[in-house]
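**Student:** mmCIF, C-alpha atoms, file final-v8.cif:
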data_coords
#
loop_
_atom_site.label_atom_id
_atom_site.label_comp_id
_atom_site.auth_asym_id
_atom_site.auth_seq_id
_atom_site.Cartn_x
_atom_site.Cartn_y
_atom_site.Cartn_z
CA MET A 1 140.38 45.02 43.58
CA ALA A 2 138.29 41.94 43.40
CA LEU A 3 138.31 39.86 46.54
CA ILE A 4 137.43 36.21 46.90
CA ASN A 5 137.43 34.76 50.41
CA GLU A 6 139.26 37.85 51.70
CA ARG A 7 142.20 37.40 49.32
CA ARG A 8 142.96 39.60 46.37
CA GLU A 9 142.07 37.93 43.09
CA PHE A 10 143.74 40.59 40.93
CA ASP A 11 145.17 44.08 41.35
CA SER A 12 143.74 45.78 38.28
CA TRP A 13 140.40 45.36 36.55
CA LEU A 14 141.92 46.69 33.33
CA LEU A 15 144.90 44.33 33.37
CA ALA A 16 142.65 41.39 34.24
CA LEU A 17 140.30 42.33 31.39
CA GLN A 18 143.19 42.60 28.94
CA ALA A 19 144.56 39.24 30.09
CA ASP A 20 141.09 37.64 29.71
CA MET A 21 141.08 36.69 33.41
CA LEU A 22 137.63 38.01 34.35
CA THR A 23 134.71 35.73 35.05
CA ASP A 24 131.35 36.16 33.38
CA MET A 25 130.07 37.78 36.59
CA GLN A 26 132.93 40.27 36.64
CA ILE A 27 132.33 41.13 32.97
CA ALA A 28 128.67 41.67 33.89
CA ILE A 29 129.77 44.20 36.52
CA LEU A 30 131.68 46.12 33.85
CA GLN A 31 128.72 45.82 31.46
CA GLN A 32 126.40 47.25 34.12
CA LEU A 33 128.57 50.37 34.30
CA ILE A 34 128.14 50.73 30.54
CA ASP A 35 124.39 50.13 30.78
CA ASP A 36 124.15 52.76 33.54
CA GLY A 37 125.92 55.29 31.32
CA LYS A 38 128.99 55.51 33.55
CA ALA A 39 131.37 54.07 30.95
CA GLY A 40 131.46 53.76 27.17
CA SER A 41 133.35 50.49 26.92
CA LEU A 42 134.53 47.55 29.00
CA GLU A 43 138.00 49.11 29.13
CA GLU A 44 136.61 52.41 30.36
CA ALA A 45 134.54 50.61 33.00
CA ALA A 46 137.63 48.70 34.14
CA ARG A 47 139.59 51.95 34.39
CA LEU A 48 136.77 53.47 36.44
CA LEU A 49 136.85 50.58 38.92
CA ASP A 50 140.65 50.77 39.12
CA TRP A 51 140.38 54.51 39.79
CA GLN A 52 137.78 53.93 42.52
CA ASP A 53 140.09 51.42 44.17
CA THR A 54 142.86 54.01 44.36
CA VAL A 55 140.62 56.86 45.56
CA ILE A 56 138.51 55.02 48.10
CA ASP A 57 140.53 53.35 50.84
CA PRO A 58 138.30 50.42 51.80
CA THR A 59 139.53 50.35 55.41
CA GLU A 60 139.23 54.10 55.81
CA HIS A 61 135.80 54.11 54.17
CA PHE A 62 134.61 51.24 56.38
CA TYR A 63 135.57 53.01 59.60
CA GLY A 64 134.42 56.43 58.38
CA HIS A 65 137.72 58.25 58.87
#
Show the structure stored in the file as structure tokens.
**Tutor:**
Amino acid sequence: MALINERREFDSWLLALQADMLTDMQIAILQQLIDDGKAGSLEEAARLLDWQDTVIDPTEHFYGH
């Protein structure tokens, strides 16, 4: 989930992409995943980030539990 000033900007990268809600910087993040060979399209990159958000609990990861 993208955070701005500690508030959630959107819940899903994919839904935000489909709704044309992403900023140029956020699109660049998705494009970097494509450039790095981790995704084949913007949609695939968005799905990857959504998946990471569900697998990695930010609080748990931060505290190392």
**Student:** Nearest to Asp11 of chain A among A:Ile29, A:Gly37, A:Asp50, A:Asp24, with distances taken over only C-alpha atoms: which residue is it?
**Tutor:**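 Of the candidates, the smallest distance to Asp11 of chain A is held by A:Asp50.
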**Student:** Atom CA of Asp20 of chain A to atom CA of Val55 of chain A: how many Å, to one decimal?
**Tutor:**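 Distance reported for this atom pair: 24.9 Å.
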**Student:** List the spatial neighbours of Ile34 of chain A as a VMD selection string - criterion: any atom at most 12 Å away, only C-alpha atoms, same-chain residues fewer than 5 positions off excluded.
**Tutor:** chain A and resid 27 to 29 39 to 46 48
**Student:** Please expand the PyMOL selection byres ((chain A and resi 14) around 7) into the concrete residues it hits in this file, giving the result as a list in words.
**Tutor:**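 So the PyMOL selection byres ((chain A and resi 14) around 7), applied here, picks out Ser12, Trp13, Leu15, Ala16, Leu17, Gln18, Glu43, Ala46 and Arg47 of chain A.
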**Student:** Quick one: pull the distance between atom CA of Asp36 of chain A and atom CA of Met21 of chain A, Å, one decimal.
**Tutor:**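 Rounded to one decimal, the two atoms are 23.3 Å apart.
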**Student:** Identify which of the residues A:Glu9, A:Leu33, A:Met25, A:Ala19 lies closest to Leu49 of chain A, counting only C-alpha atoms when measuring atom-to-atom distances.
**Tutor:** A:Leu33
**Student:** For segment 35-60 of chain A, supply N, CA and C atoms and format the output as a PDB file, in the coordinates of the input.
**Tutor:**
ATOM      1  N   ASP A  35     125.848  50.001  30.860  1.00  0.00           N
ATOM      2  CA  ASP A  35     124.390  50.130  30.780  1.00  0.00           C
ATOM      3  C   ASP A  35     123.871  51.318  31.581  1.00  0.00           C
ATOM      4  N   ASP A  36     124.544  51.629  32.690  1.00  0.00           N
ATOM      5  CA  ASP A  36     124.150  52.760  33.540  1.00  0.00           C
ATOM      6  C   ASP A  36     124.665  54.095  33.016  1.00  0.00           C
ATOM      7  N   GLY A  37     125.407  54.061  31.903  1.00  0.00           N
ATOM      8  CA  GLY A  37     125.920  55.290  31.320  1.00  0.00           C
ATOM      9  C   GLY A  37     127.159  55.842  31.997  1.00  0.00           C
ATOM     10  N   LYS A  38     127.804  55.048  32.827  1.00  0.00           N
ATOM     11  CA  LYS A  38     128.990  55.510  33.550  1.00  0.00           C
ATOM     12  C   LYS A  38     130.276  55.241  32.780  1.00  0.00           C
ATOM     13  N   ALA A  39     130.198  54.399  31.751  1.00  0.00           N
ATOM     14  CA  ALA A  39     131.370  54.070  30.950  1.00  0.00           C
ATOM     15  C   ALA A  39     130.897  53.776  29.520  1.00  0.00           C
ATOM     16  N   GLY A  40     131.804  53.976  28.566  1.00  0.00           N
ATOM     17  CA  GLY A  40     131.460  53.760  27.170  1.00  0.00           C
ATOM     18  C   GLY A  40     131.961  52.452  26.603  1.00  0.00           C
ATOM     19  N   SER A  41     132.793  51.763  27.372  1.00  0.00           N
ATOM     20  CA  SER A  41     133.350  50.490  26.920  1.00  0.00           C
ATOM     21  C   SER A  41     133.757  49.662  28.130  1.00  0.00           C
ATOM     22  N   LEU A  42     134.060  48.403  27.901  1.00  0.00           N
ATOM     23  CA  LEU A  42     134.530  47.550  29.000  1.00  0.00           C
ATOM     24  C   LEU A  42     135.840  48.091  29.567  1.00  0.00           C
ATOM     25  N   GLU A  43     136.721  48.565  28.679  1.00  0.00           N
ATOM     26  CA  GLU A  43     138.000  49.110  29.130  1.00  0.00           C
ATOM     27  C   GLU A  43     137.799  50.353  29.996  1.00  0.00           C
ATOM     28  N   GLU A  44     136.891  51.208  29.578  1.00  0.00           N
ATOM     29  CA  GLU A  44     136.610  52.410  30.360  1.00  0.00           C
ATOM     30  C   GLU A  44     136.006  52.049  31.711  1.00  0.00           C
ATOM     31  N   ALA A  45     135.132  51.063  31.743  1.00  0.00           N
ATOM     32  CA  ALA A  45     134.540  50.610  33.000  1.00  0.00           C
ATOM     33  C   ALA A  45     135.609  50.031  33.915  1.00  0.00           C
ATOM     34  N   ALA A  46     136.540  49.270  33.343  1.00  0.00           N
ATOM     35  CA  ALA A  46     137.630  48.700  34.140  1.00  0.00           C
ATOM     36  C   ALA A  46     138.510  49.797  34.707  1.00  0.00           C
ATOM     37  N   ARG A  47     138.796  50.815  33.901  1.00  0.00           N
ATOM     38  CA  ARG A  47     139.590  51.950  34.390  1.00  0.00           C
ATOM     39  C   ARG A  47     138.870  52.674  35.528  1.00  0.00           C
ATOM     40  N   LEU A  48     137.560  52.820  35.399  1.00  0.00           N
ATOM     41  CA  LEU A  48     136.770  53.470  36.440  1.00  0.00           C
ATOM     42  C   LEU A  48     136.874  52.697  37.758  1.00  0.00           C
ATOM     43  N   LEU A  49     136.738  51.385  37.695  1.00  0.00           N
ATOM     44  CA  LEU A  49     136.850  50.580  38.920  1.00  0.00           C
ATOM     45  C   LEU A  49     138.256  50.635  39.494  1.00  0.00           C
ATOM     46  N   ASP A  50     139.272  50.628  38.629  1.00  0.00           N
ATOM     47  CA  ASP A  50     140.650  50.770  39.120  1.00  0.00           C
ATOM     48  C   ASP A  50     140.831  52.116  39.812  1.00  0.00           C
ATOM     49  N   TRP A  51     140.283  53.170  39.207  1.00  0.00           N
ATOM     50  CA  TRP A  51     140.380  54.510  39.790  1.00  0.00           C
ATOM     51  C   TRP A  51     139.688  54.544  41.154  1.00  0.00           C
ATOM     52  N   GLN A  52     138.503  53.950  41.244  1.00  0.00           N
ATOM     53  CA  GLN A  52     137.780  53.930  42.520  1.00  0.00           C
ATOM     54  C   GLN A  52     138.579  53.213  43.583  1.00  0.00           C
ATOM     55  N   ASP A  53     139.273  52.152  43.203  1.00  0.00           N
ATOM     56  CA  ASP A  53     140.090  51.420  44.170  1.00  0.00           C
ATOM     57  C   ASP A  53     141.244  52.255  44.701  1.00  0.00           C
ATOM     58  N   THR A  54     141.753  53.177  43.894  1.00  0.00           N
ATOM     59  CA  THR A  54     142.860  54.010  44.360  1.00  0.00           C
ATOM     60  C   THR A  54     142.359  55.201  45.167  1.00  0.00           C
ATOM     61  N   VAL A  55     141.157  55.679  44.892  1.00  0.00           N
ATOM     62  CA  VAL A  55     140.620  56.860  45.560  1.00  0.00           C
ATOM     63  C   VAL A  55     139.952  56.508  46.875  1.00  0.00           C
ATOM     64  N   ILE A  56     139.245  55.425  46.894  1.00  0.00           N
ATOM     65  CA  ILE A  56     138.510  55.020  48.100  1.00  0.00           C
ATOM     66  C   ILE A  56     139.320  53.957  48.825  1.00  0.00           C
ATOM     67  N   ASP A  57     139.827  54.311  49.994  1.00  0.00           N
ATOM     68  CA  ASP A  57     140.530  53.350  50.840  1.00  0.00           C
ATOM     69  C   ASP A  57     139.479  52.526  51.546  1.00  0.00           C
ATOM     70  N   PRO A  58     139.364  51.233  51.212  1.00  0.00           N
ATOM     71  CA  PRO A  58     138.300  50.420  51.800  1.00  0.00           C
ATOM     72  C   PRO A  58     138.294  50.424  53.326  1.00  0.00           C
ATOM     73  N   THR A  59     139.467  50.358  53.948  1.00  0.00           N
ATOM     74  CA  THR A  59     139.530  50.350  55.410  1.00  0.00           C
ATOM     75  C   THR A  59     139.084  51.700  55.952  1.00  0.00           C
ATOM     76  N   GLU A  60     139.596  52.757  55.355  1.00  0.00           N
ATOM     77  CA  GLU A  60     139.230  54.100  55.810  1.00  0.00           C
ATOM     78  C   GLU A  60     137.741  54.336  55.610  1.00  0.00           C
TER      79      GLU A  60
END
